[in-house]
file target.txt (compact mmCIF, C-alpha atoms and all ligand atoms)
# COMPACT_ATOMS: atom_id res chain seq x y z
CA MET A 1 63.53 110.64 103.91
CA ASN A 2 62.08 108.91 106.95
CA VAL A 3 64.11 107.22 109.68
CA GLU A 4 63.43 103.71 108.37
CA CYS A 5 64.53 104.59 104.82
CA GLN A 6 67.74 106.15 106.20
CA ARG A 7 68.45 103.05 108.28
CA VAL A 8 67.95 100.75 105.27
CA GLN A 9 70.03 102.97 103.00
CA GLU A 10 72.84 103.07 105.56
CA LEU A 11 72.81 99.27 105.51
CA LEU A 12 72.82 99.30 101.71
CA ALA A 13 75.80 101.68 101.64
CA GLU A 14 77.66 99.25 103.90
CA SER A 15 76.74 96.13 101.90
CA GLY A 16 77.42 97.70 98.50
CA GLY A 17 73.77 97.25 97.51
CA ARG A 18 73.76 93.53 98.34
CA THR A 19 70.51 92.47 99.94
CA ASP A 20 71.45 88.91 100.95
CA THR A 21 73.33 90.18 104.00
CA LEU A 22 70.56 92.55 105.19
CA PRO A 23 68.28 91.77 108.15
CA GLU A 24 64.82 90.46 107.26
CA ASP A 25 62.94 93.63 108.14
CA ALA A 26 65.21 95.66 105.84
CA VAL A 27 64.57 93.23 102.97
CA ARG A 28 60.81 93.54 103.59
CA HIS A 29 61.15 97.33 103.54
CA LEU A 30 62.99 97.14 100.22
CA GLY A 31 60.11 95.16 98.73
CA ALA A 32 57.67 97.89 99.69
CA CYS A 33 59.73 101.10 99.22
CA GLN A 34 60.56 102.24 95.69
CA GLU A 35 63.04 104.87 96.88
CA CYS A 36 65.09 102.31 98.81
CA ALA A 37 64.87 99.77 95.98
CA ARG A 38 66.29 102.43 93.64
CA ALA A 39 69.00 103.25 96.21
CA ALA A 40 69.94 99.53 96.30
CA GLU A 41 70.31 99.50 92.52
CA GLN A 42 72.48 102.64 92.60
CA GLU A 43 74.61 101.24 95.42
CA ARG A 44 75.33 98.16 93.32
CA GLU A 45 76.45 100.31 90.43
CA LEU A 46 78.55 102.46 92.74
CA ALA A 47 80.25 99.39 94.18
CA ARG A 48 80.99 98.08 90.67
CA LEU A 49 82.48 101.41 89.54
CA LEU A 50 84.48 101.90 92.71
CA ALA A 51 86.09 98.53 92.03
CA VAL A 52 87.32 99.68 88.61
CA ALA A 53 88.22 103.24 89.59
CA LEU A 54 91.71 102.21 90.73
CA PRO A 55 94.77 103.10 88.66
CA PRO A 56 96.24 100.28 86.54
CA GLU A 57 99.05 97.96 87.59
CA ASP A 58 102.33 99.92 87.52
CA ALA A 59 105.22 97.50 87.01
CA ALA A 60 107.77 100.33 86.90
CA LEU A 61 106.69 101.50 90.33
CA THR A 62 106.92 97.98 91.76
CA GLU A 63 110.44 97.72 90.37
CA ARG A 64 111.34 101.11 91.85
CA ILE A 65 110.01 100.09 95.24
CA MET A 66 111.92 96.81 95.24
CA GLU A 67 115.14 98.58 94.26
CA ALA A 68 114.64 101.02 97.15
CA VAL A 69 114.00 98.08 99.49
CA GLY A 70 117.27 96.49 98.33
CA ARG A 71 119.18 99.72 98.98
CA ARG A 72 117.55 100.12 102.41
CA ARG A 73 118.45 96.54 103.28
CA ARG A 74 122.12 97.03 102.35
CA ALA A 75 122.26 100.28 104.35
CA GLN A 76 120.74 98.54 107.38
CA ARG A 77 123.30 95.75 107.14
CA LEU A 78 126.13 98.30 107.07
CA LEU A 79 124.69 100.17 110.04
CA ARG A 80 124.35 96.92 111.97
CA LEU A 81 128.03 96.16 111.30
CA LEU A 82 129.02 99.52 112.77
CA PRO A 83 129.04 98.40 116.43
CA LEU A 84 131.15 95.36 115.52
CA ALA A 85 133.65 97.44 113.56
CA ALA A 86 133.84 99.98 116.39
CA SER A 87 134.35 97.22 118.96
CA VAL A 88 137.26 95.76 116.98
CA LEU A 89 138.84 99.21 116.75
CA LEU A 90 138.35 99.79 120.47
CA VAL A 91 139.96 96.48 121.39
CA LEU A 92 142.86 97.18 119.07
CA GLY A 93 143.30 100.69 120.49
CA ALA A 94 143.18 99.44 124.06
CA ALA A 95 145.69 96.73 123.25
CA VAL A 96 148.06 99.28 121.75
CA LEU A 97 147.72 101.59 124.77
CA LEU A 98 148.31 98.79 127.23
CA GLY A 99 151.18 97.40 125.13
CA GLY A 100 149.51 94.00 125.10
CA VAL A 101 150.14 92.97 121.53
CA PRO A 102 153.41 94.35 120.32
CA GLY A 103 155.57 92.14 118.13
CA SER A 104 157.34 90.63 121.13
CA GLY A 105 154.07 90.06 123.05
CA LEU A 106 152.34 86.87 123.99
CA LEU A 107 150.66 86.29 120.62
CA ALA A 108 153.81 86.80 118.69
CA ALA A 109 155.70 84.51 121.08
CA VAL A 110 153.35 81.57 120.50
CA PRO A 111 154.76 79.39 117.71
CA GLY A 112 152.66 79.74 114.59
CA THR A 113 152.61 76.02 113.94
CA ALA A 114 151.31 75.22 117.46
CA VAL A 115 148.52 77.73 117.20
CA ALA A 116 147.67 76.51 113.72
CA GLY A 117 147.71 72.93 114.95
CA CYS A 118 145.65 73.57 118.06
CA LEU A 119 143.19 76.09 116.76
CA GLY A 120 143.10 75.14 113.12
CA LEU A 121 144.37 78.54 112.09
CA THR A 122 146.45 78.83 108.97
CA GLY A 123 150.02 80.04 108.98
CA GLY A 124 148.91 82.97 106.83
CA ALA A 125 146.39 84.09 109.42
CA ILE A 126 149.01 83.90 112.19
CA ALA A 127 151.43 85.90 110.07
CA TRP A 128 148.71 88.48 109.49
CA VAL A 129 147.97 88.77 113.22
CA ARG A 130 151.70 89.11 113.89
CA SER A 131 152.12 91.87 111.34
CA VAL A 132 149.09 93.72 112.75
CA ALA A 133 150.58 93.38 116.23
CA VAL A 134 153.96 94.63 115.06
CA ALA A 135 152.36 97.54 113.21
CA ALA A 136 150.29 98.38 116.28
CA GLY A 137 153.42 98.30 118.46
CA ALA A 138 155.22 100.55 116.01
CA LEU A 139 152.24 102.90 115.89
CA ALA A 140 152.19 103.11 119.69
CA SER A 141 155.86 104.10 119.73
CA VAL A 142 155.32 106.88 117.16
CA VAL A 143 151.83 108.22 117.93
CA PRO A 144 151.38 109.97 121.28
CA GLY A 145 149.02 108.28 123.76
CA TRP A 146 146.58 111.20 123.80
CA VAL A 147 146.02 110.85 120.04
CA ILE A 148 145.11 107.20 120.47
CA TRP A 149 142.82 108.06 123.39
CA GLY A 150 141.23 110.76 121.24
CA ALA A 151 140.73 108.33 118.37
CA MET A 152 139.11 105.84 120.75
CA LEU A 153 136.74 108.50 122.05
CA LEU A 154 135.86 109.40 118.46
CA VAL A 155 135.14 105.75 117.72
CA LEU A 156 132.96 105.52 120.84
CA GLY A 157 131.10 108.69 119.82
CA GLY A 158 130.64 107.32 116.31
CA LEU A 159 129.29 104.11 117.76
CA LEU A 160 126.71 105.98 119.85
CA VAL A 161 125.68 108.26 116.98
CA GLY A 162 125.46 105.27 114.63
CA ARG A 163 123.21 103.38 117.02
CA ARG A 164 120.97 106.40 117.42
CA LEU A 165 120.77 106.82 113.63
CA LEU A 166 119.84 103.17 113.26
CA ARG A 167 117.12 103.46 115.92
CA ARG A 168 115.74 106.63 114.35
CA LEU A 169 115.68 104.98 110.94
CA GLU A 170 113.80 101.99 112.35
CA ALA A 171 111.36 104.21 114.29
CA ARG A 172 110.66 106.27 111.17
CA GLN A 173 109.65 103.10 109.34
CA ARG A 174 106.97 102.24 111.90
CA MET B 1 100.82 80.40 89.14
CA PRO B 2 99.08 82.99 91.31
CA GLU B 3 100.55 83.60 94.77
CA GLU B 4 98.09 82.15 97.30
CA ARG B 5 99.90 82.81 100.60
CA SER B 6 98.12 85.12 103.02
CA ASP B 7 99.32 88.71 103.46
CA GLU B 8 100.35 87.97 107.01
CA ALA B 9 102.36 84.89 106.00
CA LEU B 10 104.14 86.90 103.31
CA LEU B 11 104.87 89.70 105.78
CA ALA B 12 106.34 87.20 108.24
CA ARG B 13 108.70 86.02 105.48
CA ALA B 14 109.55 89.65 104.64
CA ALA B 15 110.38 90.27 108.30
CA GLU B 16 113.06 87.59 107.91
CA GLY B 17 114.48 89.41 104.91
CA ASP B 18 112.65 87.58 102.11
CA GLU B 19 112.49 90.21 99.37
CA VAL B 20 110.56 87.92 97.00
CA ALA B 21 107.73 87.51 99.53
CA PHE B 22 107.72 91.26 100.03
CA GLY B 23 107.56 91.77 96.26
CA VAL B 24 104.35 89.72 96.17
CA LEU B 25 102.81 92.07 98.75
CA VAL B 26 103.94 95.11 96.79
CA THR B 27 102.41 93.74 93.60
CA ARG B 28 99.23 92.76 95.43
CA TYR B 29 98.57 96.17 97.03
CA GLN B 30 100.42 98.74 94.97
CA ARG B 31 97.35 99.73 92.92
CA ARG B 32 95.18 100.22 95.97
CA VAL B 33 97.82 102.25 97.79
CA VAL B 34 98.49 104.47 94.76
CA GLY B 35 94.75 104.92 94.15
CA PHE B 36 94.19 105.79 97.79
CA LEU B 37 97.10 108.25 97.93
CA VAL B 38 96.27 109.90 94.58
CA GLN B 39 92.86 110.77 95.94
CA MET B 40 94.29 111.84 99.29
CA VAL B 41 97.02 114.17 97.97
CA GLY B 42 95.60 114.97 94.52
CA ASP B 43 98.86 114.43 92.65
CA VAL B 44 99.80 111.26 90.78
CA GLU B 45 103.60 111.61 90.94
CA LEU B 46 103.55 112.55 94.60
CA ALA B 47 101.26 109.60 95.27
CA ARG B 48 103.77 107.27 93.59
CA ASP B 49 106.60 108.68 95.74
CA LEU B 50 104.52 108.30 98.88
CA THR B 51 103.59 104.75 97.86
CA GLN B 52 107.29 103.90 97.72
CA GLU B 53 107.73 105.41 101.19
CA VAL B 54 104.74 103.43 102.52
CA PHE B 55 106.22 100.13 101.36
CA LEU B 56 109.68 101.06 102.68
CA ARG B 57 108.12 101.67 106.09
CA VAL B 58 106.26 98.37 105.89
CA TRP B 59 109.53 96.62 105.04
CA GLY B 60 111.38 98.34 107.87
CA ALA B 61 108.74 97.60 110.48
CA ALA B 62 107.64 94.14 109.26
CA ALA B 63 109.15 92.47 112.33
CA SER B 64 107.07 94.65 114.65
CA PHE B 65 103.72 93.88 112.93
CA ASP B 66 101.05 92.96 115.47
CA ASP B 67 99.31 89.91 114.03
CA ARG B 68 96.10 90.62 115.92
CA TYR B 69 95.37 93.06 113.10
CA ARG B 70 94.86 92.52 109.39
CA PHE B 71 97.82 93.42 107.20
CA THR B 72 95.67 95.77 105.10
CA THR B 73 94.52 97.70 108.18
CA TRP B 74 98.14 98.27 109.10
CA LEU B 75 99.23 99.05 105.53
CA PHE B 76 96.56 101.69 105.02
CA ARG B 77 97.07 103.12 108.48
CA ILE B 78 100.66 103.81 107.41
CA ALA B 79 99.50 105.21 104.05
CA HIS B 80 96.83 107.34 105.71
CA ASN B 81 99.21 108.77 108.34
CA LEU B 82 101.85 109.51 105.72
CA ALA B 83 99.33 111.33 103.51
CA ILE B 84 98.00 113.36 106.45
CA ASP B 85 101.55 114.28 107.53
CA HIS B 86 102.34 115.33 104.01
CA LEU B 87 99.21 117.43 103.63
CA ARG B 88 99.90 119.14 106.95
CA LYS B 89 103.48 119.93 106.02
CA ARG B 90 102.73 121.17 102.53
CA LYS B 91 99.17 122.41 103.04
CA LEU B 92 98.61 120.95 99.57
CA PRO B 93 95.51 121.94 97.67
CA THR B 94 93.85 119.04 95.85
CA THR B 95 94.39 119.13 92.12
CA PRO B 96 92.64 117.39 89.26
CA LEU B 97 93.62 113.78 88.74
CA THR B 98 95.67 114.30 85.63
CA VAL B 99 99.10 113.09 84.66
CA VAL B 100 101.43 114.91 82.31
CA SER B 101 102.59 112.73 79.42
CA GLY B 102 106.07 112.79 77.90
CA GLU B 103 104.86 115.31 75.32
CA GLY B 104 103.60 117.61 78.06
CA ASP B 105 99.92 116.84 77.40
CA GLU B 106 97.65 116.38 80.35
CA GLN B 107 95.78 113.09 80.41
CA THR B 108 93.25 111.75 82.85
CA MET B 109 94.45 108.77 84.85
CA PRO B 110 93.87 105.54 82.94
CA ILE B 111 91.75 102.79 84.45
CA PRO B 112 92.00 99.07 83.75
CA ALA B 113 89.68 97.33 81.35
CA PRO B 114 87.07 95.57 83.45
CA ASP B 115 85.70 93.35 80.69
CA LYS B 116 86.09 92.43 77.06
CA ASP B 117 83.07 94.42 75.83
CA PRO B 118 84.46 97.60 74.19
CA MET B 119 81.25 99.60 74.67
CA GLY B 120 80.93 98.41 78.24
CA HIS B 121 84.60 99.24 78.76
CA LEU B 122 84.12 102.73 77.35
CA GLU B 123 81.07 103.30 79.52
CA ASN B 124 82.86 101.98 82.59
CA HIS B 125 85.85 104.15 81.75
CA GLU B 126 83.68 107.24 81.48
CA LEU B 127 81.62 106.45 84.54
CA ALA B 128 84.66 105.57 86.64
CA GLY B 129 86.23 108.88 85.56
CA ALA B 130 83.07 110.70 86.57
CA LEU B 131 83.07 108.83 89.85
CA ARG B 132 86.69 109.79 90.58
CA ARG B 133 85.84 113.43 89.94
CA ALA B 134 82.82 113.07 92.20
CA ILE B 135 85.04 111.62 94.94
CA GLU B 136 87.45 114.52 94.48
CA GLY B 137 84.57 116.93 94.93
CA LEU B 138 83.43 115.39 98.21
CA ARG B 139 83.95 117.15 101.51
CA ASP B 140 87.40 116.20 102.91
CA ASP B 141 86.02 114.09 105.75
CA TYR B 142 83.63 112.22 103.44
CA ARG B 143 86.32 111.66 100.83
CA GLU B 144 88.72 110.21 103.36
CA LEU B 145 86.15 107.71 104.62
CA VAL B 146 85.17 106.70 101.08
CA LEU B 147 88.83 106.02 100.26
CA LEU B 148 89.41 104.05 103.45
CA ARG B 149 86.30 101.99 102.75
CA HIS B 150 86.57 101.37 99.01
CA PHE B 151 90.23 101.69 98.11
CA ALA B 152 91.73 100.44 101.36
CA LEU B 153 88.83 97.97 101.82
CA LEU B 154 88.67 98.58 105.57
CA SER B 155 85.55 97.60 107.47
CA TYR B 156 83.42 100.27 109.16
CA GLN B 157 84.78 99.11 112.51
CA GLU B 158 88.39 99.39 111.32
CA ILE B 159 87.72 102.88 109.95
CA ALA B 160 86.15 103.91 113.27
CA GLU B 161 89.26 102.70 115.10
CA LEU B 162 91.66 104.34 112.66
CA LYS B 163 89.87 107.69 112.75
CA GLY B 164 88.98 107.52 116.44
CA MET B 165 85.32 108.07 115.52
CA PRO B 166 82.17 106.44 116.87
CA LEU B 167 80.95 103.65 114.58
CA GLY B 168 77.61 105.44 114.15
CA THR B 169 79.40 108.53 112.81
CA VAL B 170 81.30 106.44 110.27
CA LYS B 171 78.04 104.82 109.13
CA ASN B 172 76.28 108.15 108.85
CA LYS B 173 79.09 109.92 107.02
CA LEU B 174 79.54 107.07 104.57
CA PHE B 175 75.81 106.97 103.94
CA ARG B 176 75.85 110.70 103.19
CA ALA B 177 78.96 110.41 101.02
CA HIS B 178 77.33 107.57 99.07
CA SER B 179 74.16 109.62 98.62
CA VAL B 180 76.23 112.43 97.06
CA LEU B 181 78.11 110.00 94.81
CA ARG B 182 74.92 108.25 93.71
CA GLU B 183 73.33 111.59 92.85
CA GLU B 184 76.42 112.62 90.90
CA LEU B 185 76.33 109.41 88.89
CA VAL B 186 72.64 109.75 88.15
CA GLY B 187 73.22 113.38 87.12
CA TYR B 188 76.16 112.32 84.95
CA ARG B 189 74.10 109.66 83.19
CA GLN B 190 71.18 112.05 82.62
CA GLY B 191 73.49 114.76 81.27
CA ARG B 192 75.29 112.32 78.99
CA ILE B 193 72.42 110.32 77.60
CA PRO B 194 70.43 112.45 75.13
CA GLY B 195 66.64 112.49 75.45
ZN ZN C 1 62.65 103.30 102.12
call {"tool": "encode", "arguments": {"input": "target.txt", "output": "structure tokens", "more": "lines below"}}
Ligand SMILES: [Zn+2]
result
Amino acid sequence: MNVECQRVQELLAESGGRTDTLPEDAVRHLGACQECARAAEQERELARLLAVALPPEDAALTERIMEAVGRRRRAQRLLRLLPLAASVLLVLGAAVLLGGVPGSGLLAAVPGTAVAGCLGLTGGAIAWVRSVAVAAGALASVVPGWVIWGAMLLVLGGLLVGRRLLRRLEARQR
Amino acid sequence: MPEERSDEALLARAAEGDEVAFGVLVTRYQRRVVGFLVQMVGDVELARDLTQEVFLRVWGAAASFDDRYRFTTWLFRIAHNLAIDHLRKRKLPTTPLTVVSGEGDEQTMPIPAPDKDPMGHLENHELAGALRRAIEGLRDDYRELVLLRHFALLSYQEIAELKGMPLGTVKNKLFRAHSVLREELVGYRQGRIPG
């Protein structure tokens, strides 16, 4: 095969045998060269067959993929909540250690009705906060300080590991 | 009604958590990704698993998609990298494109009916099967480029960028791969048609 035939056949391979996108000199060559004209014909057939050589639509696979996406999405949501949950635990732990919210503390001393009135909180919510505060106070009096410190460190560690896991998961998806 | 939104618009919706938009993308490209991966790894079930992984990665990284590129370039870059990683890890040999049915019989992969003409369909079916076998038989580097070009529908330029190859090399290799495939098809027709 000469250089010109190779050049034209490279163009035909790229165009899928279509001649309307070829430069003029290549079209002229096709008119004069039987070998390249045959190659153009074969390229058109190849393009047609390549288009039908794909596997059929697979609805079950689509469903499987979408289920996996749903699961991944729920897992990501949970992982994103981890820092928030850890922060709440840390604040609670610190409050217990510092004795800031025992039953007789500031929060418990504020009249429920006033808080509800001012902040729009319900009496139930205030009662819940009070009972948590009382329970936390009671816990602080029973559980040694070092245990609470240890638990806080564990929470911090969990927070860091969780964040790293989340980042790794996101990096893996790129 | 067919979904007319562009791939990139659908991906932007998916990045905001729109699973329906993402489902449209999955439906739109699942066949091409499976077809591409089947030929890359030589195993239908593995290709289906990898296809799921490809779309999970797309979902997970949708927000980081660089819209200077086409969605398909990105999608098949992910599919290509995943297949290469898998082949490296497993050192998988390529196997014939057969699936095992529920009864344990091996069947060649089905292809869709391209037209209503039963004879034409049969001929297309046979020829497409012969073509898939011919693609399987190509040298690895030729096969990969053929798949990127015809299953992933990447342009020569995009393939050159993805493979880190000069454009001229991509052109030359694809020309040579096409020459082999054309010869195989001609040989198949001559062997099949009596006289
Ligand atoms: Zn010629």
call {"tool": "closest_atom_pairs", "arguments": {"input": "target.txt", "of": "chain B", "to": "chain A", "cutoff": "6 Å", "atoms": "all atoms listed in the file", "output": "JSON lines"}}
result
{"residue": "B:Arg31", "atom": "CA", "partner": "A:Glu57", "partner_atom": "CA", "distance": 5.9}
{"residue": "B:Gly35", "atom": "CA", "partner": "A:Leu54", "partner_atom": "CA", "distance": 5.3}
{"residue": "B:Gln52", "atom": "CA", "partner": "A:Ile65", "partner_atom": "CA", "distance": 5.3}
{"residue": "B:Arg57", "atom": "CA", "partner": "A:Gln173", "partner_atom": "CA", "distance": 3.9}
{"residue": "B:Gly60", "atom": "CA", "partner": "A:Gln173", "partner_atom": "CA", "distance": 5.3}
{"residue": "B:Ala61", "atom": "CA", "partner": "A:Arg174", "partner_atom": "CA", "distance": 5.2}
{"residue": "B:Ile111", "atom": "CA", "partner": "A:Pro55", "partner_atom": "CA", "distance": 5.2}
{"residue": "B:Pro112", "atom": "CA", "partner": "A:Pro56", "partner_atom": "CA", "distance": 5.2}
{"residue": "B:Ala128", "atom": "CA", "partner": "A:Ala53", "partner_atom": "CA", "distance": 5.2}
{"residue": "B:Phe175", "atom": "CA", "partner": "A:Glu10", "partner_atom": "CA", "distance": 5.2}
call {"tool": "residues_near_ligand", "arguments": {"input": "target.txt", "ligand": "ligand ZN 1 (chain C)", "cutoff": "6 Å", "atoms": "all atoms listed in the file", "output": "list in words"}}
result
Cys5, Cys33, Glu35 and Cys36 of chain A
call {"tool": "residues_around", "arguments": {"input": "target.txt", "residues": "Tyr142 (chain B)", "least_positions_apart": "6", "cutoff": "9 Å", "atoms": "only C-alpha atoms", "output": "VMD selection string"}}
result
chain B and resid 135 173 to 174 176 to 178
call {"tool": "closest_residue", "arguments": {"input": "target.txt", "among": "B:Arg189, B:Arg132, B:Arg182, B:Lys89", "to": "Arg44 (chain A)", "atoms": "all atoms listed in the file"}}
result
B:Arg182
call {"tool": "atom_distance", "arguments": {"input": "target.txt", "atom1": "CA of Val88 (chain A)", "atom2": "CA of Val147 (chain A)"}}
result
17.7 Å
call {"tool": "residues_around", "arguments": {"input": "target.txt", "residues": "Gln39 (chain B)", "least_positions_apart": "2", "cutoff": "8 Å", "atoms": "only C-alpha atoms", "output": "ChimeraX atom specification"}}
result
/B:35-37,41-43,97,135-136,147
